[in-house]
Structures are given as C-alpha cells and as structure tokens.
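Data from upload-v9.csv: CSV, C-alpha atoms
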chain,number,residue,atom,x,y,z
A,1,MET,CA,9.7,172.6,-151.7
A,2,LYS,CA,6.6,174.0,-153.6
A,3,LEU,CA,6.6,172.9,-157.3
A,4,VAL,CA,4.2,174.2,-159.8
A,5,ILE,CA,4.1,172.5,-163.2
A,6,VAL,CA,2.6,174.9,-165.8
A,7,SER,CA,1.2,173.4,-169.0
A,8,GLY,CA,-1.5,174.1,-171.6
A,9,LEU,CA,-2.4,174.8,-175.1
A,10,SER,CA,-0.1,176.9,-177.3
A,11,GLY,CA,-1.5,180.5,-177.2
A,12,SER,CA,-3.4,180.0,-174.0
A,13,GLY,CA,-1.0,182.1,-171.9
A,14,LYS,CA,1.6,179.7,-170.4
A,15,SER,CA,4.5,182.1,-170.8
A,16,ILE,CA,2.5,184.8,-169.0
A,17,ALA,CA,1.8,182.4,-166.2
A,18,LEU,CA,5.5,181.6,-165.8
A,19,GLN,CA,6.3,185.3,-165.8
A,20,VAL,CA,3.8,185.9,-163.0
A,21,LEU,CA,5.3,183.0,-161.0
A,22,GLU,CA,8.7,184.4,-161.5
A,23,ASP,CA,7.5,187.8,-160.2
A,24,LEU,CA,6.3,185.9,-157.2
A,25,GLU,CA,9.9,184.7,-156.6
A,26,TYR,CA,9.5,181.3,-158.1
A,27,TYR,CA,12.6,179.8,-159.7
A,28,CYS,CA,11.2,179.2,-163.2
A,29,ILE,CA,12.3,176.7,-166.0
A,30,ASP,CA,10.5,176.6,-169.3
A,31,ASN,CA,10.1,173.9,-171.9
A,32,LEU,CA,11.4,171.0,-169.8
A,33,PRO,CA,11.7,167.6,-171.5
A,34,ILE,CA,9.3,165.3,-169.5
A,35,ASN,CA,11.9,162.5,-169.1
A,36,MET,CA,14.0,165.0,-167.1
A,37,LEU,CA,11.4,165.9,-164.6
A,38,GLU,CA,12.5,163.5,-161.9
A,39,ALA,CA,16.2,164.2,-162.3
A,40,LEU,CA,15.7,168.0,-162.3
A,41,THR,CA,13.6,168.0,-159.2
A,42,SER,CA,16.3,166.0,-157.4
A,43,GLU,CA,18.8,168.7,-158.4
A,44,ILE,CA,16.5,171.5,-157.3
A,45,ILE,CA,15.9,169.8,-153.9
A,46,SER,CA,19.7,169.7,-153.4
A,47,ALA,CA,19.9,173.3,-154.4
A,48,LYS,CA,17.3,174.1,-151.7
A,49,HIS,CA,15.0,176.2,-153.8
A,50,GLU,CA,11.8,176.8,-151.9
A,51,TYR,CA,9.5,177.7,-154.8
A,52,VAL,CA,9.9,176.3,-158.3
A,53,ALA,CA,7.8,176.5,-161.5
A,54,ILE,CA,8.4,174.3,-164.5
A,55,GLY,CA,6.8,174.8,-168.0
A,56,ILE,CA,6.0,171.6,-170.0
A,57,ASP,CA,4.3,172.0,-173.4
A,58,ALA,CA,3.8,170.5,-176.8
A,59,ARG,CA,7.4,171.1,-177.8
A,60,ASN,CA,8.2,167.9,-176.0
A,61,VAL,CA,8.7,164.6,-178.0
A,62,ALA,CA,5.2,163.2,-178.5
A,63,ALA,CA,6.1,159.8,-177.1
A,64,GLU,CA,7.2,161.3,-173.8
A,65,PHE,CA,3.7,162.6,-172.8
A,66,ASP,CA,2.6,159.1,-171.9
A,67,LEU,CA,5.5,159.0,-169.4
A,68,PHE,CA,4.2,162.0,-167.5
A,69,PRO,CA,2.0,160.2,-164.9
A,70,GLN,CA,4.9,157.8,-164.2
A,71,GLN,CA,7.3,160.7,-163.8
A,72,LEU,CA,4.9,162.5,-161.5
A,73,GLN,CA,4.4,159.4,-159.4
A,74,GLN,CA,8.1,159.1,-158.8
A,75,LEU,CA,8.5,162.6,-157.3
A,76,PRO,CA,9.4,162.4,-153.6
A,77,LYS,CA,6.0,163.4,-152.0
A,78,ASN,CA,7.6,163.9,-148.6
A,79,LYS,CA,9.9,166.6,-150.1
A,80,ILE,CA,7.8,168.2,-152.8
A,81,ASP,CA,4.4,169.8,-152.7
A,82,CYS,CA,3.5,169.6,-156.4
A,83,GLU,CA,0.6,171.3,-158.2
A,84,ILE,CA,-0.3,171.3,-161.9
A,85,PHE,CA,-1.7,174.4,-163.7
A,86,PHE,CA,-3.3,173.8,-167.1
A,87,LEU,CA,-4.2,176.7,-169.3
A,88,GLU,CA,-6.7,176.3,-172.1
A,89,ALA,CA,-8.9,178.3,-174.4
A,90,SER,CA,-11.6,177.7,-177.1
A,91,ASP,CA,-10.5,176.7,-180.6
A,92,ALA,CA,-11.9,180.0,-181.9
A,93,ALA,CA,-10.0,182.1,-179.4
A,94,LEU,CA,-6.7,180.3,-180.1
A,95,ILE,CA,-7.1,180.6,-183.9
A,96,LYS,CA,-7.8,184.3,-183.5
A,97,ARG,CA,-4.7,184.8,-181.4
A,98,PHE,CA,-2.4,183.0,-183.8
A,99,SER,CA,-3.9,184.9,-186.7
A,100,GLU,CA,-3.4,188.2,-185.0
A,101,THR,CA,0.2,187.5,-183.9
A,102,ARG,CA,1.1,185.6,-187.0
A,103,ARG,CA,3.0,183.1,-184.9
A,104,LYS,CA,3.3,179.5,-186.0
A,105,HIS,CA,1.7,176.8,-183.9
A,106,PRO,CA,4.4,174.2,-182.9
A,107,LEU,CA,2.4,171.3,-184.4
A,108,SER,CA,1.3,173.0,-187.6
A,109,ASN,CA,3.1,172.4,-190.9
A,110,GLN,CA,2.3,172.2,-194.6
A,111,GLU,CA,0.2,169.1,-194.1
A,112,THR,CA,-1.4,170.1,-190.8
A,113,PRO,CA,-3.4,173.4,-190.7
A,114,LEU,CA,-3.8,175.4,-187.5
A,115,ASN,CA,-7.3,174.0,-186.6
A,116,GLU,CA,-6.1,170.4,-186.8
A,117,ALA,CA,-2.9,171.3,-184.9
A,118,ILE,CA,-5.0,172.6,-182.0
A,119,ILE,CA,-7.0,169.3,-181.9
A,120,GLN,CA,-3.8,167.3,-182.0
A,121,GLU,CA,-2.3,169.3,-179.2
A,122,ARG,CA,-5.4,168.8,-177.0
A,123,TYR,CA,-5.0,165.0,-177.4
A,124,LEU,CA,-1.3,165.1,-176.9
A,125,LEU,CA,-1.5,167.0,-173.6
A,126,GLU,CA,-4.3,164.9,-172.2
A,127,PRO,CA,-2.0,163.0,-169.8
A,128,ILE,CA,-1.1,166.3,-168.2
A,129,SER,CA,-4.5,168.0,-168.4
A,130,SER,CA,-6.2,165.0,-166.7
A,131,LYS,CA,-3.9,165.5,-163.7
A,132,ALA,CA,-4.4,169.3,-163.4
A,133,ASP,CA,-5.1,170.8,-160.0
A,134,LEU,CA,-6.1,174.1,-161.5
A,135,ARG,CA,-7.5,174.6,-165.0
A,136,LEU,CA,-7.7,178.2,-166.3
A,137,ASP,CA,-9.9,179.1,-169.3
A,138,THR,CA,-8.3,182.1,-170.9
A,139,SER,CA,-10.8,182.4,-173.9
A,140,ALA,CA,-12.2,185.7,-172.7
A,141,THR,CA,-9.2,186.9,-170.7
A,142,ASN,CA,-6.7,189.5,-171.7
A,143,VAL,CA,-3.1,189.6,-170.6
A,144,HIS,CA,-3.7,191.9,-167.6
A,145,GLN,CA,-6.7,189.9,-166.4
A,146,LEU,CA,-4.7,186.6,-166.7
A,147,ARG,CA,-1.8,188.1,-164.6
A,148,ASP,CA,-4.2,189.2,-161.9
A,149,LEU,CA,-6.1,185.9,-162.0
A,150,ILE,CA,-2.9,183.9,-161.5
A,151,LYS,CA,-1.7,186.1,-158.7
A,152,ALA,CA,-5.0,185.8,-156.9
A,153,ARG,CA,-5.1,182.0,-157.2
A,154,VAL,CA,-1.5,181.4,-156.2
A,155,LYS,CA,-1.1,181.7,-152.5
A,156,LYS,CA,2.6,181.3,-151.6
A,157,ALA,CA,2.6,179.7,-148.3
A,158,ASP,CA,4.0,176.6,-146.6
A,159,LYS,CA,0.5,175.1,-146.3
A,160,GLN,CA,-2.1,176.4,-148.8
A,161,THR,CA,-5.8,176.5,-147.9
A,162,ILE,CA,-8.3,175.7,-150.7
A,163,SER,CA,-8.8,178.5,-153.2
A,164,ILE,CA,-12.5,178.9,-154.1
A,165,MET,CA,-13.4,180.9,-157.2
A,166,PHE,CA,-17.0,182.0,-157.9
A,167,GLU,CA,-17.4,183.0,-161.6
A,168,SER,CA,-20.4,184.5,-163.3
A,169,PHE,CA,-21.0,183.9,-167.0
A,170,GLY,CA,-23.6,184.0,-169.7
A,171,PHE,CA,-24.7,180.8,-171.3
A,172,LYS,CA,-25.0,182.5,-174.7
A,173,HIS,CA,-21.3,183.0,-174.6
A,174,GLY,CA,-20.5,179.4,-173.6
A,175,VAL,CA,-19.9,177.6,-170.3
A,176,PRO,CA,-16.5,178.1,-168.8
A,177,ILE,CA,-14.4,175.1,-169.6
A,178,ASN,CA,-12.4,175.4,-166.3
A,179,ALA,CA,-15.5,175.1,-164.0
A,180,ASP,CA,-15.7,172.3,-161.5
A,181,PHE,CA,-19.4,173.0,-160.8
A,182,VAL,CA,-21.9,174.9,-162.9
A,183,PHE,CA,-25.2,176.2,-161.6
A,184,ASP,CA,-27.9,177.4,-164.1
A,185,VAL,CA,-29.9,180.4,-162.7
A,186,ARG,CA,-31.8,181.3,-165.9
A,187,CYS,CA,-35.0,180.2,-164.2
A,188,LEU,CA,-34.9,183.3,-161.9
A,189,PRO,CA,-36.6,186.6,-162.6
A,190,ASN,CA,-34.6,188.5,-165.2
A,191,PRO,CA,-33.9,192.2,-164.7
A,192,HIS,CA,-33.3,192.4,-168.5
A,193,TRP,CA,-37.0,192.6,-169.0
A,194,VAL,CA,-37.3,195.7,-166.7
A,195,ALA,CA,-36.5,198.6,-169.0
A,196,GLU,CA,-34.7,200.8,-166.4
A,197,LEU,CA,-32.5,197.8,-165.3
A,198,ARG,CA,-31.6,196.4,-168.7
A,199,ASN,CA,-28.4,198.4,-169.1
A,200,LEU,CA,-27.2,197.9,-165.5
A,201,THR,CA,-25.5,194.9,-164.0
A,202,GLY,CA,-25.7,192.8,-160.9
A,203,LEU,CA,-23.2,195.2,-159.3
A,204,ASP,CA,-25.7,198.1,-159.4
A,205,LYS,CA,-28.0,198.8,-156.4
A,206,PRO,CA,-31.3,198.9,-158.4
A,207,VAL,CA,-30.6,195.4,-159.8
A,208,ILE,CA,-29.5,194.2,-156.3
A,209,ASP,CA,-32.7,195.5,-154.8
A,210,TYR,CA,-34.8,194.0,-157.5
A,211,LEU,CA,-33.3,190.5,-157.2
A,212,ALA,CA,-33.2,190.6,-153.4
A,213,GLU,CA,-37.0,191.0,-153.1
A,214,HIS,CA,-37.8,187.7,-155.0
A,215,ASN,CA,-38.2,184.5,-153.0
A,216,GLU,CA,-36.9,182.4,-155.8
A,217,VAL,CA,-33.6,184.2,-155.8
A,218,ARG,CA,-33.2,183.8,-152.0
A,219,ASP,CA,-34.0,180.1,-152.4
A,220,MET,CA,-31.4,179.6,-155.1
A,221,LEU,CA,-28.8,181.5,-153.0
A,222,ASN,CA,-29.6,179.3,-150.0
A,223,ASP,CA,-29.5,176.1,-152.0
A,224,VAL,CA,-26.1,176.8,-153.6
A,225,MET,CA,-24.7,178.0,-150.3
A,226,ASN,CA,-25.9,174.8,-148.6
A,227,PHE,CA,-24.0,172.8,-151.4
A,228,VAL,CA,-20.9,174.9,-150.7
A,229,ASP,CA,-21.1,174.4,-147.0
A,230,LYS,CA,-21.6,170.7,-147.3
A,231,TRP,CA,-19.1,169.7,-150.0
A,232,ILE,CA,-16.2,172.2,-149.9
A,233,PRO,CA,-14.9,170.8,-146.5
A,234,LYS,CA,-15.0,167.3,-148.2
A,235,PHE,CA,-12.7,168.6,-151.0
A,236,GLU,CA,-10.4,170.2,-148.4
A,237,ALA,CA,-10.1,167.0,-146.5
A,238,ASP,CA,-9.2,165.3,-149.8
A,239,ASN,CA,-6.3,167.8,-150.2
A,240,ARG,CA,-7.9,169.7,-153.1
A,241,SER,CA,-6.3,173.1,-153.6
A,242,TYR,CA,-8.6,174.8,-156.2
A,243,ILE,CA,-12.3,174.8,-156.8
A,244,THR,CA,-14.1,176.9,-159.4
A,245,ILE,CA,-17.9,177.3,-159.1
A,246,ALA,CA,-19.6,178.9,-162.1
A,247,ILE,CA,-23.0,180.6,-161.9
A,248,GLY,CA,-24.6,181.2,-165.3
A,249,CYS,CA,-27.6,183.3,-166.5
A,250,THR,CA,-28.5,184.2,-170.1
A,251,GLY,CA,-26.1,187.1,-170.7
A,252,GLY,CA,-23.9,187.0,-167.6
A,253,GLN,CA,-24.9,190.6,-166.6
A,254,HIS,CA,-27.5,190.5,-163.9
A,255,ARG,CA,-28.5,187.4,-162.0
A,256,SER,CA,-25.3,185.5,-162.1
A,257,VAL,CA,-23.3,188.5,-161.1
A,258,TYR,CA,-25.6,189.2,-158.1
A,259,LEU,CA,-25.4,185.6,-156.9
A,260,VAL,CA,-21.6,185.3,-157.3
A,261,ASN,CA,-21.1,188.4,-155.1
A,262,LYS,CA,-23.5,187.1,-152.5
A,263,LEU,CA,-21.9,183.6,-152.5
A,264,ALA,CA,-18.4,185.0,-152.3
A,265,ASN,CA,-19.2,187.3,-149.4
A,266,LEU,CA,-20.9,184.5,-147.5
A,267,THR,CA,-18.1,182.1,-148.1
A,268,LYS,CA,-15.4,184.5,-147.0
A,269,ASN,CA,-16.8,184.2,-143.5
A,270,LYS,CA,-15.8,180.5,-143.5
A,271,HIS,CA,-12.8,180.3,-145.9
A,272,ASN,CA,-9.7,182.5,-146.2
A,273,ASN,CA,-9.0,182.3,-150.0
A,274,VAL,CA,-12.2,183.2,-151.8
A,275,LEU,CA,-12.3,185.0,-155.1
A,276,SER,CA,-15.0,186.3,-157.4
A,277,ARG,CA,-14.8,187.0,-161.2
A,278,HIS,CA,-17.4,188.2,-163.6
A,279,ARG,CA,-16.4,186.9,-167.0
A,280,GLU,CA,-18.8,188.9,-169.2
A,281,ILE,CA,-18.3,192.3,-167.5
A,282,SER,CA,-14.6,192.1,-166.5
For this file, produce the structure as structure tokens.
Amino acid sequence: MKLVIVSGLSGSGKSIALQVLEDLEYYCIDNLPINMLEALTSEIISAKHEYVAIGIDARNVAAEFDLFPQQLQQLPKNKIDCEIFFLEASDAALIKRFSETRRKHPLSNQETPLNEAIIQERYLLEPISSKADLRLDTSATNVHQLRDLIKARVKKADKQTISIMFESFGFKHGVPINADFVFDVRCLPNPHWVAELRNLTGLDKPVIDYLAEHNEVRDMLNDVMNFVDKWIPKFEADNRSYITIAIGCTGGQHRSVYLVNKLANLTKNKHNNVLSRHREIS
C-alpha cells in the first residue's frame, strides 16, 4: 500500500494537495488525530486500498505531535510504502492569504495574533516537518501552479524512482525554503547589463546564445552536473524519493533559468522523473 501523509502550515495549500491526490485516485482522509494513525492504517490494509492519503495538521491536540515519530515507527514497513509531504510558505505570504480570505487561523485567538499563531504552528509541526520526504514552498505559487506541481511530483507506481526538481529563483526574492541544495550563479556574466537582453529571459534564444558563449557559464554547468552525477545515485541508494536543486541568480530571469533548463535536459538522459520550474517567471 502507498501511503502519503500530507501536513503543513495553515494556508499553505494542504487541502489543495489532498484534492489533487484524490483526483489521482488516492483514498483521502483529512484531519486525522495522530494517535489514530497506526489503527487507521491497519484498517486500511485490511480494506486493501492501494493508494491512501492522510491529512494531519495543527487542529490536532498539541500534546499528540510528539507522538508522531513513534506512530510512524510502528507502521508495518513491509506492508506500507509511506511518504510525508510538508507544505510551507513564508510568514508574509501566509499573513497575506489569511487577510485576503478573512479566514481564522486555527491557533489564533484574542490573546494570540496571527503572526504569533504562525510561529507557534511552525514549532508545533516540527516533529512532522523534520520527517518530511518532500517539502513544498508555496509562497510564490498560485492554486493552479500548486496543482500542477503536486501532479508532476507524485508518480503513482509500485516502485517510485527518485523525483528530481531543478528550480530557478532570484536571490532578491528569497531562497526557496524547500530546496535541498542551492547553487549561487550570480558570479556569471549577467545579460541584464546588455540592453537588448534585459527584458528577455533565459528561455529566449538571444539570452541562450549570449550565455552559451562564456567559458564561466560552461564551467558552472559542468561543475553542477558533476555534482548531480556523483551524488544523486547515492541518494537513490538511500531510498530518497525527492530532491530539489535550486539555482539562483540576482533576479531569477536569465542565468538561473538558462542553467536549470540545461541541467534538466542533461539529467533526463539518466533519470526518468526530472522536472524544471522557474519560480520568478512561472
């Protein structure tokens, strides 16, 4: 049985994630009390459900979160292939979403304002987030992008190969909090300072041609690719299911976009489940 546990901060998109999994024919259960995890999975195994998704969030009793690692350890590993998805976003993005929707945060009250409730929730969910196989930063992601991202990263198969995500970003907008590895390419020649290239992106041929002719860019590409070739098989051997490699330049428009596309195309020759995402231009 394939079991996906979906958790994360309130307002980060957990409900959307469960809806996507339901569309992918997962049997979905939301807001499960943590102390029922072991008993529920036993019932599900008896019912012979092949794909199951369970939502666990801050609506649980606070004292039960410390029980999560123990509950997880007690799952029968010979019968359950379990993965944990954890969705998060920046404090600013979460505050903006709650302000726009006028929804109440589950931990906020007259004594606890929204910003403090978000801090408390991060601390409360740490026993789950520390065990996550896949972390998704939805700070700059709309509903449709999140749906597509989850569909792309969930490969419903009896034996899942590692999913590798290359993501471009701009340092001036913040480092993706879901990245496993971050490479800084701001030292490379910047098309921004070429007037005719400034308003283009790394997807446009003039920018591609400009970057391709510089030795430093080729060296950076080769060095990052050597890292991928050497270490991704090590993570696969350790049964890692998801890796996110973030490539950052100043604005996330030119250099990082170009390198992400190059890296993804080269990696697709060696791995089946390779994705690319351009955070600032998506």
Worksheet entry | Between CA of Leu221 in chain A and CA of Thr201 in chain A - distance in Å to one decimal | 17.6 Å
Worksheet item: Could you pull the residues within 12 Å of Gln71 in chain A, counting all atoms listed in the file, minus those fewer than 2 positions along the same chain, as a ChimeraX atom specification?
Response: /A:33-41,64-69,73-76,127-128
Worksheet, complete the sentence: From CA of Val52 in chain A to CA of Leu3 in chain A the spacing works out at 4.8 Å
Discussion item. Calculated over all atoms listed in the file, which of the candidates A:Asp238, A:Met165, A:Glu213, A:Phe227 has the smallest distance to Asn261 in chain A?
Written reply: A:Met165
Worksheet item: What is the distance, in Å and to one decimal place, between CA of Asp180 in chain A and CA of Lys270 in chain A?
Response: 19.8 Å
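Between Thr244 in chain A and the candidates A:Asp91, A:Glu280, A:Glu111, A:Glu167, the tightest atom-to-atom separation, counting all atoms listed in the file, involves A:Glu167.
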Worksheet entry | Within 6 Å of file point (-31.7, 186.9, -164.6), counting all atoms listed in the file, expressed as number ranges by chain | A: 186, 188-191, 249, 254-255
Worksheet entry | Within 10 Å of Ala62 in chain A using all atoms listed in the file, minus same-chain residues under 6 positions, as an MDAnalysis selection string | chainID A and resid 121 124:125
Discussion item. Need to verify the contact set: Leu107 in chain A, 10 Å, only C-alpha atoms, exclusion of same-chain residues closer than 2 positions in sequence. Can you return it as a list in words?
Written reply: Ser10, Ala58, Arg59, Lys104, His105, Asn109, Thr112, Pro113, Leu114, Glu116, Ala117, Ile118, Ile119, Gln120 and Glu121 of chain A
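Nearest-residue note for Glu236 in chain A: choosing from A:Gln253, A:Asn199, A:Thr101, A:Thr161, the minimum distance belongs to A:Thr161, counting only C-alpha atoms.
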